[in-house]
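The next block is run_14.txt, given as compact mmCIF, C-alpha atoms and all ligand atoms.
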```txt
# COMPACT_ATOMS: atom_id res chain seq x y z
CA MET B 1 119.36 -7.11 86.65
CA ASN B 2 118.14 -9.90 84.43
CA ALA B 3 117.61 -13.38 85.84
CA ILE B 4 117.65 -14.85 82.35
CA GLU B 5 119.09 -13.68 79.07
CA THR B 6 119.31 -15.55 75.81
CA ARG B 7 120.93 -14.36 72.60
CA SER B 8 120.19 -15.92 69.21
CA LEU B 9 119.48 -19.17 70.98
CA ARG B 10 119.13 -22.19 68.70
CA LYS B 11 118.66 -25.89 69.30
CA VAL B 12 118.64 -28.48 66.56
CA TYR B 13 118.09 -32.12 67.50
CA PRO B 14 119.65 -34.62 65.11
CA ALA B 15 117.18 -36.04 62.61
CA PRO B 16 116.02 -39.51 63.58
CA ALA B 17 118.20 -42.19 62.00
CA VAL B 18 116.58 -43.76 58.93
CA LYS B 19 117.08 -47.51 58.70
CA LYS B 20 118.36 -48.49 55.30
CA LYS B 21 116.70 -51.40 53.59
CA ARG B 22 118.79 -53.39 51.17
CA GLY B 23 117.88 -52.75 47.55
CA VAL B 24 115.66 -49.78 48.46
CA PRO B 25 117.08 -46.29 47.90
CA ALA B 26 117.25 -44.24 51.13
CA PRO B 27 114.55 -41.56 51.39
CA PRO B 28 115.87 -38.01 51.04
CA ALA B 29 117.12 -36.45 54.29
CA PRO B 30 114.92 -33.66 55.71
CA PRO B 31 116.07 -30.31 54.27
CA SER B 32 116.94 -28.89 57.70
CA GLY B 33 119.15 -31.87 58.57
CA GLY B 34 117.48 -32.05 61.95
CA ILE B 35 114.63 -30.89 64.12
CA VAL B 36 114.81 -27.18 64.90
CA ALA B 37 113.33 -27.01 68.41
CA ILE B 38 114.48 -23.46 69.30
CA ASP B 39 115.11 -20.87 66.60
CA ALA B 40 116.84 -17.47 67.01
CA LEU B 41 115.36 -16.84 70.44
CA ASP B 42 116.21 -13.60 72.25
CA LEU B 43 114.72 -13.37 75.71
CA ALA B 44 115.31 -11.26 78.81
CA VAL B 45 113.54 -12.06 82.07
CA ALA B 46 114.08 -9.59 84.91
CA GLU B 47 114.85 -10.72 88.44
CA GLY B 48 111.66 -11.30 90.40
CA GLU B 49 109.43 -11.77 87.36
CA PHE B 50 106.75 -14.44 87.12
CA PHE B 51 107.31 -15.42 83.51
CA GLY B 52 105.10 -17.75 81.51
CA VAL B 53 105.94 -19.78 78.41
CA LEU B 54 102.90 -20.76 76.40
CA GLY B 55 102.90 -23.03 73.41
CA PRO B 56 101.19 -26.07 71.91
CA ASN B 57 102.68 -29.58 71.97
CA GLY B 58 106.11 -29.63 70.39
CA ALA B 59 106.48 -25.81 70.50
CA GLY B 60 109.86 -26.06 72.24
CA LYS B 61 108.89 -25.26 75.85
CA THR B 62 110.66 -28.24 77.43
CA THR B 63 113.68 -27.71 75.20
CA LEU B 64 113.91 -24.06 76.23
CA ILE B 65 113.62 -24.95 79.92
CA GLY B 66 116.12 -27.78 79.34
CA ILE B 67 118.65 -25.32 77.92
CA LEU B 68 118.14 -22.79 80.72
CA THR B 69 118.53 -25.52 83.34
CA THR B 70 121.70 -26.98 81.70
CA ARG B 71 120.04 -30.27 80.72
CA VAL B 72 120.01 -29.63 76.97
CA ARG B 73 123.09 -28.53 75.03
CA ILE B 74 122.87 -25.38 72.95
CA THR B 75 123.46 -25.67 69.18
CA ALA B 76 124.17 -21.92 68.73
CA GLY B 77 123.80 -18.67 70.63
CA GLU B 78 124.08 -18.31 74.40
CA ALA B 79 122.10 -18.21 77.61
CA VAL B 80 122.88 -16.68 81.01
CA VAL B 81 120.82 -17.71 84.04
CA ALA B 82 121.15 -16.17 87.51
CA GLY B 83 124.40 -14.54 86.41
CA ALA B 84 126.07 -17.71 85.10
CA ASN B 85 126.53 -18.97 81.55
CA VAL B 86 124.73 -22.29 81.02
CA THR B 87 127.47 -23.66 78.75
CA THR B 88 130.62 -22.54 80.56
CA GLN B 89 129.35 -22.36 84.17
CA PRO B 90 126.69 -25.09 84.42
CA ALA B 91 127.46 -25.97 88.07
CA ASP B 92 126.90 -22.34 89.14
CA VAL B 93 123.62 -22.25 87.24
CA ARG B 94 122.42 -25.50 88.87
CA ARG B 95 123.19 -24.24 92.38
CA ARG B 96 121.09 -21.12 91.82
CA ILE B 97 118.04 -22.70 90.19
CA GLY B 98 115.31 -25.16 91.12
CA VAL B 99 113.66 -27.33 88.48
CA VAL B 100 110.28 -29.05 88.44
CA PRO B 101 110.44 -31.30 85.36
CA GLN B 102 107.50 -32.12 83.11
CA ARG B 103 107.60 -35.73 84.29
CA PRO B 104 108.30 -36.40 87.99
CA ASN B 105 111.70 -38.08 88.33
CA PRO B 106 112.21 -38.68 92.06
CA ASP B 107 114.73 -41.25 93.30
CA ARG B 108 112.46 -44.24 93.84
CA SER B 109 114.90 -46.07 96.09
CA LEU B 110 114.67 -43.26 98.67
CA SER B 111 111.87 -42.12 100.98
CA VAL B 112 110.17 -38.77 100.44
CA ILE B 113 112.26 -36.85 103.00
CA GLU B 114 115.45 -38.61 101.88
CA ASN B 115 114.83 -37.32 98.36
CA LEU B 116 114.86 -33.77 99.71
CA VAL B 117 117.84 -34.22 102.04
CA PHE B 118 119.90 -35.95 99.36
CA HIS B 119 119.21 -33.14 96.90
CA ALA B 120 119.95 -30.30 99.34
CA THR B 121 123.16 -31.81 100.74
CA TYR B 122 124.37 -32.25 97.15
CA PHE B 123 124.28 -28.46 96.98
CA GLY B 124 126.31 -28.08 100.17
CA ILE B 125 123.54 -27.69 102.75
CA SER B 126 124.16 -29.53 106.05
CA ARG B 127 122.09 -32.68 106.73
CA ALA B 128 120.42 -31.08 109.76
CA ASP B 129 119.42 -27.95 107.85
CA ALA B 130 118.33 -29.99 104.85
CA HIS B 131 116.13 -32.15 107.07
CA ARG B 132 114.53 -29.18 108.80
CA ARG B 133 113.89 -27.37 105.54
CA GLY B 134 112.61 -30.56 103.92
CA GLN B 135 110.09 -31.07 106.70
CA GLU B 136 108.88 -27.46 106.40
CA LEU B 137 108.44 -27.80 102.66
CA LEU B 138 106.51 -31.06 102.95
CA GLU B 139 104.19 -29.42 105.46
CA ARG B 140 103.71 -26.41 103.21
CA LEU B 141 102.91 -28.69 100.29
CA GLY B 142 100.51 -30.79 102.32
CA ILE B 143 102.38 -34.10 102.15
CA ALA B 144 104.12 -34.07 105.56
CA ASP B 145 102.29 -37.29 106.48
CA LYS B 146 104.13 -39.01 103.60
CA MET B 147 107.54 -37.94 104.87
CA ASN B 148 108.83 -41.47 105.44
CA ALA B 149 106.86 -43.15 102.66
CA LYS B 150 108.57 -44.58 99.61
CA VAL B 151 107.98 -42.51 96.49
CA ASP B 152 105.97 -45.31 94.84
CA GLN B 153 103.39 -44.98 97.61
CA LEU B 154 102.56 -41.44 96.48
CA SER B 155 99.83 -40.56 93.99
CA GLY B 156 100.77 -38.70 90.81
CA GLY B 157 99.74 -35.36 92.32
CA GLN B 158 101.69 -36.05 95.50
CA GLN B 159 104.78 -36.90 93.44
CA GLN B 160 104.37 -33.59 91.65
CA ARG B 161 104.36 -31.81 95.01
CA LEU B 162 107.47 -33.72 96.02
CA MET B 163 109.15 -32.43 92.86
CA ILE B 164 108.27 -28.88 93.87
CA ALA B 165 109.61 -29.44 97.40
CA ARG B 166 112.82 -30.86 95.92
CA ALA B 167 113.22 -27.90 93.58
CA LEU B 168 113.01 -25.55 96.57
CA SER B 169 115.11 -27.57 99.00
CA HIS B 170 118.35 -25.66 98.29
CA ASP B 171 116.62 -22.26 98.32
CA PRO B 172 117.14 -21.34 94.65
CA ARG B 173 116.83 -17.83 93.22
CA VAL B 174 115.18 -18.90 90.00
CA VAL B 175 112.56 -21.66 89.82
CA PHE B 176 111.62 -23.40 86.56
CA LEU B 177 108.40 -25.37 86.36
CA ASP B 178 107.52 -27.31 83.21
CA GLU B 179 103.72 -27.67 83.07
CA PRO B 180 103.49 -28.17 86.83
CA THR B 181 99.72 -28.43 87.09
CA VAL B 182 99.07 -31.08 84.43
CA GLY B 183 97.26 -34.00 86.01
CA LEU B 184 96.35 -32.16 89.21
CA ASP B 185 92.71 -31.97 90.31
CA PRO B 186 91.21 -28.44 90.43
CA GLN B 187 91.75 -28.11 94.17
CA ALA B 188 95.38 -29.23 94.02
CA ARG B 189 95.90 -26.85 91.11
CA LEU B 190 94.57 -23.90 93.12
CA SER B 191 96.73 -24.79 96.09
CA LEU B 192 99.77 -24.97 93.82
CA TRP B 193 98.88 -21.52 92.44
CA GLU B 194 98.94 -20.20 96.00
CA ILE B 195 102.36 -21.74 96.60
CA LEU B 196 103.72 -20.26 93.39
CA ARG B 197 102.35 -16.82 94.28
CA GLU B 198 104.03 -17.08 97.66
CA LEU B 199 107.38 -18.04 96.10
CA HIS B 200 107.07 -15.09 93.78
CA ALA B 201 106.17 -12.74 96.65
CA GLN B 202 109.39 -13.87 98.38
CA GLY B 203 111.29 -12.33 95.47
CA ARG B 204 112.12 -15.43 93.46
CA THR B 205 112.07 -15.43 89.69
CA ILE B 206 109.64 -17.98 88.36
CA VAL B 207 109.53 -19.41 84.87
CA MET B 208 106.60 -21.67 84.15
CA SER B 209 105.46 -23.36 80.98
CA THR B 210 101.81 -24.19 80.65
CA HIS B 211 99.05 -25.23 78.30
CA TYR B 212 96.43 -23.45 80.35
CA MET B 213 95.52 -19.91 79.31
CA GLU B 214 93.69 -19.19 82.52
CA GLU B 215 96.68 -20.25 84.57
CA ALA B 216 99.02 -18.08 82.51
CA ASP B 217 96.62 -15.17 82.75
CA GLN B 218 96.18 -15.45 86.51
CA LEU B 219 99.77 -16.03 87.55
CA CYS B 220 102.20 -14.55 85.07
CA GLY B 221 103.40 -10.98 84.86
CA ARG B 222 104.58 -11.54 81.28
CA LEU B 223 103.98 -14.28 78.78
CA ALA B 224 106.00 -15.55 75.86
CA ILE B 225 103.98 -17.35 73.20
CA ILE B 226 106.17 -19.72 71.26
CA ASP B 227 105.54 -22.15 68.44
CA GLN B 228 107.97 -24.17 66.35
CA GLY B 229 110.80 -22.79 68.45
CA LYS B 230 110.04 -19.18 67.57
CA LEU B 231 108.87 -16.33 69.77
CA LEU B 232 105.51 -15.17 68.38
CA ALA B 233 104.49 -12.66 71.05
CA LEU B 234 105.80 -11.41 74.38
CA ASP B 235 103.93 -9.10 76.73
CA THR B 236 101.73 -8.84 79.82
CA PRO B 237 98.54 -10.92 79.65
CA ALA B 238 96.49 -7.70 79.54
CA ALA B 239 98.49 -6.27 76.61
CA LEU B 240 98.32 -9.59 74.75
CA LYS B 241 94.55 -9.66 75.16
CA LEU B 242 94.39 -6.21 73.55
CA LYS B 243 96.36 -7.62 70.61
CA ALA B 244 93.85 -10.43 70.15
CA PRO B 245 91.94 -10.04 66.88
CA GLY B 246 88.98 -7.79 67.72
CA ASP B 247 86.76 -10.14 65.78
CA THR B 248 84.73 -12.99 67.13
CA LEU B 249 86.10 -16.44 66.36
CA VAL B 250 83.44 -18.71 64.89
CA GLU B 251 84.37 -22.39 64.75
CA VAL B 252 82.18 -24.68 62.69
CA THR B 253 82.75 -28.43 62.52
CA PHE B 254 81.43 -30.10 59.36
CA ASP B 255 80.92 -33.75 58.50
CA GLY B 256 83.86 -33.67 56.08
CA ASP B 257 86.88 -31.63 55.04
CA ALA B 258 86.17 -27.90 55.30
CA THR B 259 88.81 -26.60 52.85
CA VAL B 260 86.34 -25.81 50.04
CA VAL B 261 84.02 -24.08 52.50
CA ALA B 262 86.90 -21.95 53.85
CA ASP B 263 87.74 -20.82 50.32
CA ALA B 264 84.15 -19.69 49.79
CA VAL B 265 83.81 -18.06 53.20
CA ARG B 266 87.04 -16.05 52.90
CA ALA B 267 85.41 -13.92 50.18
CA MET B 268 82.37 -13.06 52.31
CA GLU B 269 81.83 -9.54 53.57
CA GLY B 270 82.99 -8.91 57.15
CA VAL B 271 85.23 -11.99 57.23
CA SER B 272 88.83 -11.09 58.11
CA ASN B 273 90.19 -14.63 57.98
CA ALA B 274 88.96 -18.15 57.37
CA GLU B 275 90.91 -21.39 57.45
CA ALA B 276 90.19 -25.09 57.51
CA ARG B 277 91.78 -27.79 59.64
CA GLY B 278 90.24 -31.02 58.46
CA PRO B 279 86.51 -30.77 59.16
CA LEU B 280 87.00 -27.67 61.38
CA LEU B 281 86.40 -24.23 59.85
CA ARG B 282 87.75 -21.23 61.78
CA VAL B 283 86.42 -17.81 60.83
CA PHE B 284 87.39 -14.46 62.36
CA SER B 285 84.57 -12.01 61.72
CA LYS B 286 83.14 -8.76 63.05
CA ARG B 287 79.70 -10.15 62.29
CA GLY B 288 80.01 -12.79 65.01
CA GLY B 289 76.88 -14.92 65.45
CA ALA B 290 75.10 -13.10 62.59
CA LEU B 291 77.43 -14.89 60.18
CA ILE B 292 76.31 -18.36 61.22
CA PRO B 293 73.44 -18.81 58.69
CA ALA B 294 75.79 -17.84 55.86
CA LEU B 295 78.38 -20.37 57.08
CA ILE B 296 75.76 -23.12 57.22
CA ASP B 297 74.65 -22.22 53.67
CA ALA B 298 78.23 -22.19 52.41
CA GLY B 299 78.72 -25.67 53.88
CA GLU B 300 75.52 -26.99 52.30
CA ALA B 301 76.50 -25.52 48.92
CA HIS B 302 79.56 -27.79 49.10
CA GLY B 303 77.71 -30.82 50.39
CA ARG B 304 78.78 -30.41 54.02
CA ILE B 305 76.50 -30.72 57.03
CA VAL B 306 77.23 -28.78 60.24
CA ARG B 307 77.99 -30.95 63.28
CA ASP B 308 78.96 -28.27 65.81
CA ILE B 309 79.24 -24.48 66.14
CA HIS B 310 81.22 -22.53 68.70
CA LEU B 311 81.65 -18.76 69.22
CA SER B 312 84.56 -17.20 71.17
CA ARG B 313 85.11 -13.58 72.19
CA PRO B 314 88.58 -12.05 71.71
CA SER B 315 90.88 -13.48 74.39
CA LEU B 316 94.36 -14.89 74.94
CA GLU B 317 92.99 -18.08 73.46
CA THR B 318 91.81 -16.43 70.23
CA LEU B 319 95.11 -14.53 69.95
CA PHE B 320 96.92 -17.81 70.33
CA ILE B 321 94.82 -19.45 67.63
CA SER B 322 95.32 -16.52 65.28
CA LEU B 323 99.12 -16.69 65.83
CA THR B 324 99.62 -20.44 65.70
CA GLY B 325 96.52 -21.78 63.93
CA ARG B 326 96.22 -24.19 66.83
CA LYS B 327 94.48 -24.53 70.14
CA LEU B 328 96.54 -24.95 73.28
CA THR B 329 94.67 -27.88 74.71
N1 LIG B 401 115.53 -35.52 72.67
C1 LIG B 401 114.98 -35.16 71.52
N2 LIG B 401 115.41 -35.65 70.35
C2 LIG B 401 114.88 -35.28 69.17
N3 LIG B 401 113.86 -34.39 69.05
C3 LIG B 401 113.38 -33.87 70.19
C4 LIG B 401 113.89 -34.21 71.47
N4 LIG B 401 113.20 -33.52 72.41
C5 LIG B 401 112.29 -32.79 71.74
N5 LIG B 401 112.40 -32.98 70.41
C6 LIG B 401 111.61 -32.30 69.36
O1 LIG B 401 111.77 -30.91 69.54
C7 LIG B 401 110.54 -30.21 69.36
C8 LIG B 401 110.19 -29.45 70.64
O2 LIG B 401 109.91 -30.39 71.68
P1 LIG B 401 109.64 -29.94 73.18
O3 LIG B 401 109.59 -31.16 74.01
O4 LIG B 401 110.63 -28.89 73.56
O5 LIG B 401 108.19 -29.27 73.05
P2 LIG B 401 107.15 -28.84 74.17
O6 LIG B 401 106.71 -27.46 73.83
O7 LIG B 401 107.72 -29.04 75.53
O8 LIG B 401 105.94 -29.85 73.94
P3 LIG B 401 104.89 -30.51 74.99
O9 LIG B 401 103.81 -29.49 75.19
O10 LIG B 401 104.36 -31.70 74.24
O11 LIG B 401 105.62 -30.87 76.25
C9 LIG B 401 109.53 -31.28 68.98
O12 LIG B 401 109.46 -31.30 67.57
C10 LIG B 401 110.13 -32.56 69.50
O13 LIG B 401 109.72 -33.65 68.71
MG MG B 402 107.15 -30.15 77.14
```
Could you render the structure from this file as structure tokens?
Amino acid sequence: MNAIETRSLRKVYPAPAVKKKRGVPAPPAPPSGGIVAIDALDLAVAEGEFFGVLGPNGAGKTTLIGILTTRVRITAGEAVVAGANVTTQPADVRRRIGVVPQRPNPDRSLSVIENLVFHATYFGISRADAHRRGQELLERLGIADKMNAKVDQLSGGQQQRLMIARALSHDPRVVFLDEPTVGLDPQARLSLWEILRELHAQGRTIVMSTHYMEEADQLCGRLAIIDQGKLLALDTPAALKLKAPGDTLVEVTFDGDATVVADAVRAMEGVSNAEARGPLLRVFSKRGGALIPALIDAGEAHGRIVRDIHLSRPSLETLFISLTGRKLT
């Protein structure tokens, strides 16, 4: 059975209101009439999967998670999560899912344990059970000593752990985590990875968005790469890596705009693609490092001096760049 299914999912946010100035004609409205955050998205996530959503800033990750967790209203299409329709059965969806939002949003008037008990009893769990489970979760997450502290006395990383404990306090079947490891130190990140692996081993479905390729690679069984609300690729990390352009990615930063250099480089032998982003020139080439002198020469011929050079082997990262033209981080 599928834990998540979306069909032709679409989300358009209203265009920001433009303030009219007297005597000045209003600027033309954007052609779309709004911001398309999710576009014709069909997804199926099986029960028990560890599913990753990768995408650069503004790709639509939080919007997608918002829709699947009933926080964002769908513009068109439909989504079913844990057997319930997010639009017509939102209360059923909420009971069956746990959510770790991108920004911690604990109740600051309550203590740490009260946050957990309040949340769990809201979903029909008895106070005694909620308290016991809350204590267990805080121990597991390494913040049991903060049980009676006010939320404001927690560090950012500790608040993030509290959010994870809260998401698990009513024993959900599907857990959504929106960039859960941002802002954590390397050790806290590794310990969170362990916790996520454990949750997954217990049979829960996990959906996690992230900016970190390594994290996606290590944890997720399948990955969706999205940008501008569209699904660009969906597969296991291993299969995605095989799809990465077999060429080396050479990145050269010049002291000025690289567009003219890119135009010259594109015609060179062994170059499969070249594009400029401001002073950054990205070249996919089988010739790898051997191409570097020619790139330096091409820059000089157009009055550009090289500031930095970087070579990358084919990887999830290079696939991502070839699909989106952007880096993740
Ligand atoms: N409440 C909102 N109102 C209007 N536009 C929004 C709203 N929320 C998001 N957007 C727009 O929708 C698009 C997708 O945003 P979203 O937050 O889903 O991206 P994201 O992939 O989570 O990005 P990030 O990595 O920065 O968290 C962006 O263009 C964003 O500006
Ligand atoms: Mg986001």
What separates atom CA of B:Ile4 and atom CA of B:Leu68 is a distance of 8.1 Å
Can you pull out the residues contacting B:Phe118? Cut-off 10 Å, using only C-alpha atoms, and skip same-chain residues under 5 positions away; I want them as a PyMOL selection string.
chain B and resi 107+110+113+123+125+127+130-131+166+169
I'd like the interatomic distance between atom CA of B:Ala239 and atom CA of B:Ser209, to a tenth of an Å.
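It comes out at 19.0 Å.
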Name all residues at most 7 Å from stretch 172-174 of chain B (count all atoms listed in the file; drop same-chain ones fewer than 2 positions away) and give them as an NGL selection string.
:B and (96-98 or 168 or 170 or 176 or 204-206)
Chain B residues near ligand MG 402 (chain B) within 7 Å, closest pair each, using all atoms listed in the file, as JSON lines:
```
{"residue": "B:Asn57", "atom": "CA", "partner": "B:MG402", "partner_atom": "MG", "distance": 6.9}
{"residue": "B:Gly58", "atom": "CA", "partner": "B:MG402", "partner_atom": "MG", "distance": 6.8}
{"residue": "B:Gly60", "atom": "CA", "partner": "B:MG402", "partner_atom": "MG", "distance": 6.9}
{"residue": "B:Lys61", "atom": "CA", "partner": "B:MG402", "partner_atom": "MG", "distance": 5.3}
{"residue": "B:Thr62", "atom": "CA", "partner": "B:MG402", "partner_atom": "MG", "distance": 4.0}
{"residue": "B:Gln102", "atom": "CA", "partner": "B:MG402", "partner_atom": "MG", "distance": 6.3}
{"residue": "B:Asp178", "atom": "CA", "partner": "B:MG402", "partner_atom": "MG", "distance": 6.7}
```
Residues within 12 Å of ligand LIG 401 (chain B), counting only C-alpha atoms and all ligand atoms, as a PDB file with C-alpha atoms, in the frame of the given file:
```pdb
ATOM      1  CA  ARG B  10     119.130 -22.190  68.700  1.00  0.00           C
ATOM      2  CA  LYS B  11     118.660 -25.890  69.300  1.00  0.00           C
ATOM      3  CA  VAL B  12     118.640 -28.480  66.560  1.00  0.00           C
ATOM      4  CA  TYR B  13     118.090 -32.120  67.500  1.00  0.00           C
ATOM      5  CA  PRO B  14     119.650 -34.620  65.110  1.00  0.00           C
ATOM      6  CA  ALA B  15     117.180 -36.040  62.610  1.00  0.00           C
ATOM      7  CA  PRO B  16     116.020 -39.510  63.580  1.00  0.00           C
ATOM      8  CA  ALA B  17     118.200 -42.190  62.000  1.00  0.00           C
ATOM      9  CA  GLY B  33     119.150 -31.870  58.570  1.00  0.00           C
ATOM     10  CA  GLY B  34     117.480 -32.050  61.950  1.00  0.00           C
ATOM     11  CA  ILE B  35     114.630 -30.890  64.120  1.00  0.00           C
ATOM     12  CA  VAL B  36     114.810 -27.180  64.900  1.00  0.00           C
ATOM     13  CA  ALA B  37     113.330 -27.010  68.410  1.00  0.00           C
ATOM     14  CA  ILE B  38     114.480 -23.460  69.300  1.00  0.00           C
ATOM     15  CA  ASP B  39     115.110 -20.870  66.600  1.00  0.00           C
ATOM     16  CA  VAL B  53     105.940 -19.780  78.410  1.00  0.00           C
ATOM     17  CA  LEU B  54     102.900 -20.760  76.400  1.00  0.00           C
ATOM     18  CA  GLY B  55     102.900 -23.030  73.410  1.00  0.00           C
ATOM     19  CA  PRO B  56     101.190 -26.070  71.910  1.00  0.00           C
ATOM     20  CA  ASN B  57     102.680 -29.580  71.970  1.00  0.00           C
ATOM     21  CA  GLY B  58     106.110 -29.630  70.390  1.00  0.00           C
ATOM     22  CA  ALA B  59     106.480 -25.810  70.500  1.00  0.00           C
ATOM     23  CA  GLY B  60     109.860 -26.060  72.240  1.00  0.00           C
ATOM     24  CA  LYS B  61     108.890 -25.260  75.850  1.00  0.00           C
ATOM     25  CA  THR B  62     110.660 -28.240  77.430  1.00  0.00           C
ATOM     26  CA  THR B  63     113.680 -27.710  75.200  1.00  0.00           C
ATOM     27  CA  LEU B  64     113.910 -24.060  76.230  1.00  0.00           C
ATOM     28  CA  ILE B  65     113.620 -24.950  79.920  1.00  0.00           C
ATOM     29  CA  GLY B  66     116.120 -27.780  79.340  1.00  0.00           C
ATOM     30  CA  ILE B  67     118.650 -25.320  77.920  1.00  0.00           C
ATOM     31  CA  ARG B  71     120.040 -30.270  80.720  1.00  0.00           C
ATOM     32  CA  VAL B  72     120.010 -29.630  76.970  1.00  0.00           C
ATOM     33  CA  ARG B  73     123.090 -28.530  75.030  1.00  0.00           C
ATOM     34  CA  PRO B 101     110.440 -31.300  85.360  1.00  0.00           C
ATOM     35  CA  GLN B 102     107.500 -32.120  83.110  1.00  0.00           C
ATOM     36  CA  ARG B 103     107.600 -35.730  84.290  1.00  0.00           C
ATOM     37  CA  LEU B 177     108.400 -25.370  86.360  1.00  0.00           C
ATOM     38  CA  ASP B 178     107.520 -27.310  83.210  1.00  0.00           C
ATOM     39  CA  GLU B 179     103.720 -27.670  83.070  1.00  0.00           C
ATOM     40  CA  PRO B 180     103.490 -28.170  86.830  1.00  0.00           C
ATOM     41  CA  VAL B 182      99.070 -31.080  84.430  1.00  0.00           C
ATOM     42  CA  MET B 208     106.600 -21.670  84.150  1.00  0.00           C
ATOM     43  CA  SER B 209     105.460 -23.360  80.980  1.00  0.00           C
ATOM     44  CA  THR B 210     101.810 -24.190  80.650  1.00  0.00           C
ATOM     45  CA  HIS B 211      99.050 -25.230  78.300  1.00  0.00           C
ATOM     46  CA  TYR B 212      96.430 -23.450  80.350  1.00  0.00           C
ATOM     47  CA  ILE B 225     103.980 -17.350  73.200  1.00  0.00           C
ATOM     48  CA  ILE B 226     106.170 -19.720  71.260  1.00  0.00           C
ATOM     49  CA  ASP B 227     105.540 -22.150  68.440  1.00  0.00           C
ATOM     50  CA  GLN B 228     107.970 -24.170  66.350  1.00  0.00           C
ATOM     51  CA  GLY B 229     110.800 -22.790  68.450  1.00  0.00           C
ATOM     52  CA  LYS B 230     110.040 -19.180  67.570  1.00  0.00           C
ATOM     53  CA  LYS B 327      94.480 -24.530  70.140  1.00  0.00           C
ATOM     54  CA  LEU B 328      96.540 -24.950  73.280  1.00  0.00           C
ATOM     55  CA  THR B 329      94.670 -27.880  74.710  1.00  0.00           C
TER      56      THR B 329
END
```
Closest atom pairs, residues of stretch 173-252 of chain B within 8 Å of stretch 308-322 of chain B, all atoms listed in the file, as JSON lines:
```
{"residue": "B:Met213", "atom": "CA", "partner": "B:Glu317", "partner_atom": "CA", "distance": 6.6}
{"residue": "B:Ile225", "atom": "CA", "partner": "B:Phe320", "partner_atom": "CA", "distance": 7.6}
{"residue": "B:Pro237", "atom": "CA", "partner": "B:Leu316", "partner_atom": "CA", "distance": 7.4}
{"residue": "B:Leu240", "atom": "CA", "partner": "B:Leu316", "partner_atom": "CA", "distance": 6.6}
{"residue": "B:Lys241", "atom": "CA", "partner": "B:Leu316", "partner_atom": "CA", "distance": 5.2}
{"residue": "B:Lys243", "atom": "CA", "partner": "B:Leu319", "partner_atom": "CA", "distance": 7.1}
{"residue": "B:Ala244", "atom": "CA", "partner": "B:Leu319", "partner_atom": "CA", "distance": 4.3}
{"residue": "B:Pro245", "atom": "CA", "partner": "B:Pro314", "partner_atom": "CA", "distance": 6.2}
{"residue": "B:Gly246", "atom": "CA", "partner": "B:Pro314", "partner_atom": "CA", "distance": 5.9}
{"residue": "B:Asp247", "atom": "CA", "partner": "B:Pro314", "partner_atom": "CA", "distance": 6.5}
{"residue": "B:Thr248", "atom": "CA", "partner": "B:Arg313", "partner_atom": "CA", "distance": 5.1}
{"residue": "B:Leu249", "atom": "CA", "partner": "B:Ser312", "partner_atom": "CA", "distance": 5.1}
{"residue": "B:Val250", "atom": "CA", "partner": "B:Leu311", "partner_atom": "CA", "distance": 4.7}
{"residue": "B:Glu251", "atom": "CA", "partner": "B:His310", "partner_atom": "CA", "distance": 5.1}
{"residue": "B:Val252", "atom": "CA", "partner": "B:Ile309", "partner_atom": "CA", "distance": 4.5}
```
Quick one, how far is atom CA of B:Ser111 from atom CA of B:Met147?
7.2 Å
Tell me, as a ChimeraX atom specification, which residues lie within 12 Å of stretch 135-138 of chain B, counting all atoms listed in the file; anything in the same chain fewer than 5 positions away does not count.
/B:112-117,128-130,143-148,158-171,195,199
I'd like to know which of B:Arg22, B:His119, B:Arg7, B:Lys150 is closest to B:Val80, using only C-alpha atoms.
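Going through B:Arg22, B:His119, B:Arg7, B:Lys150 one by one, the smallest distance to B:Val80 is for B:Arg7.
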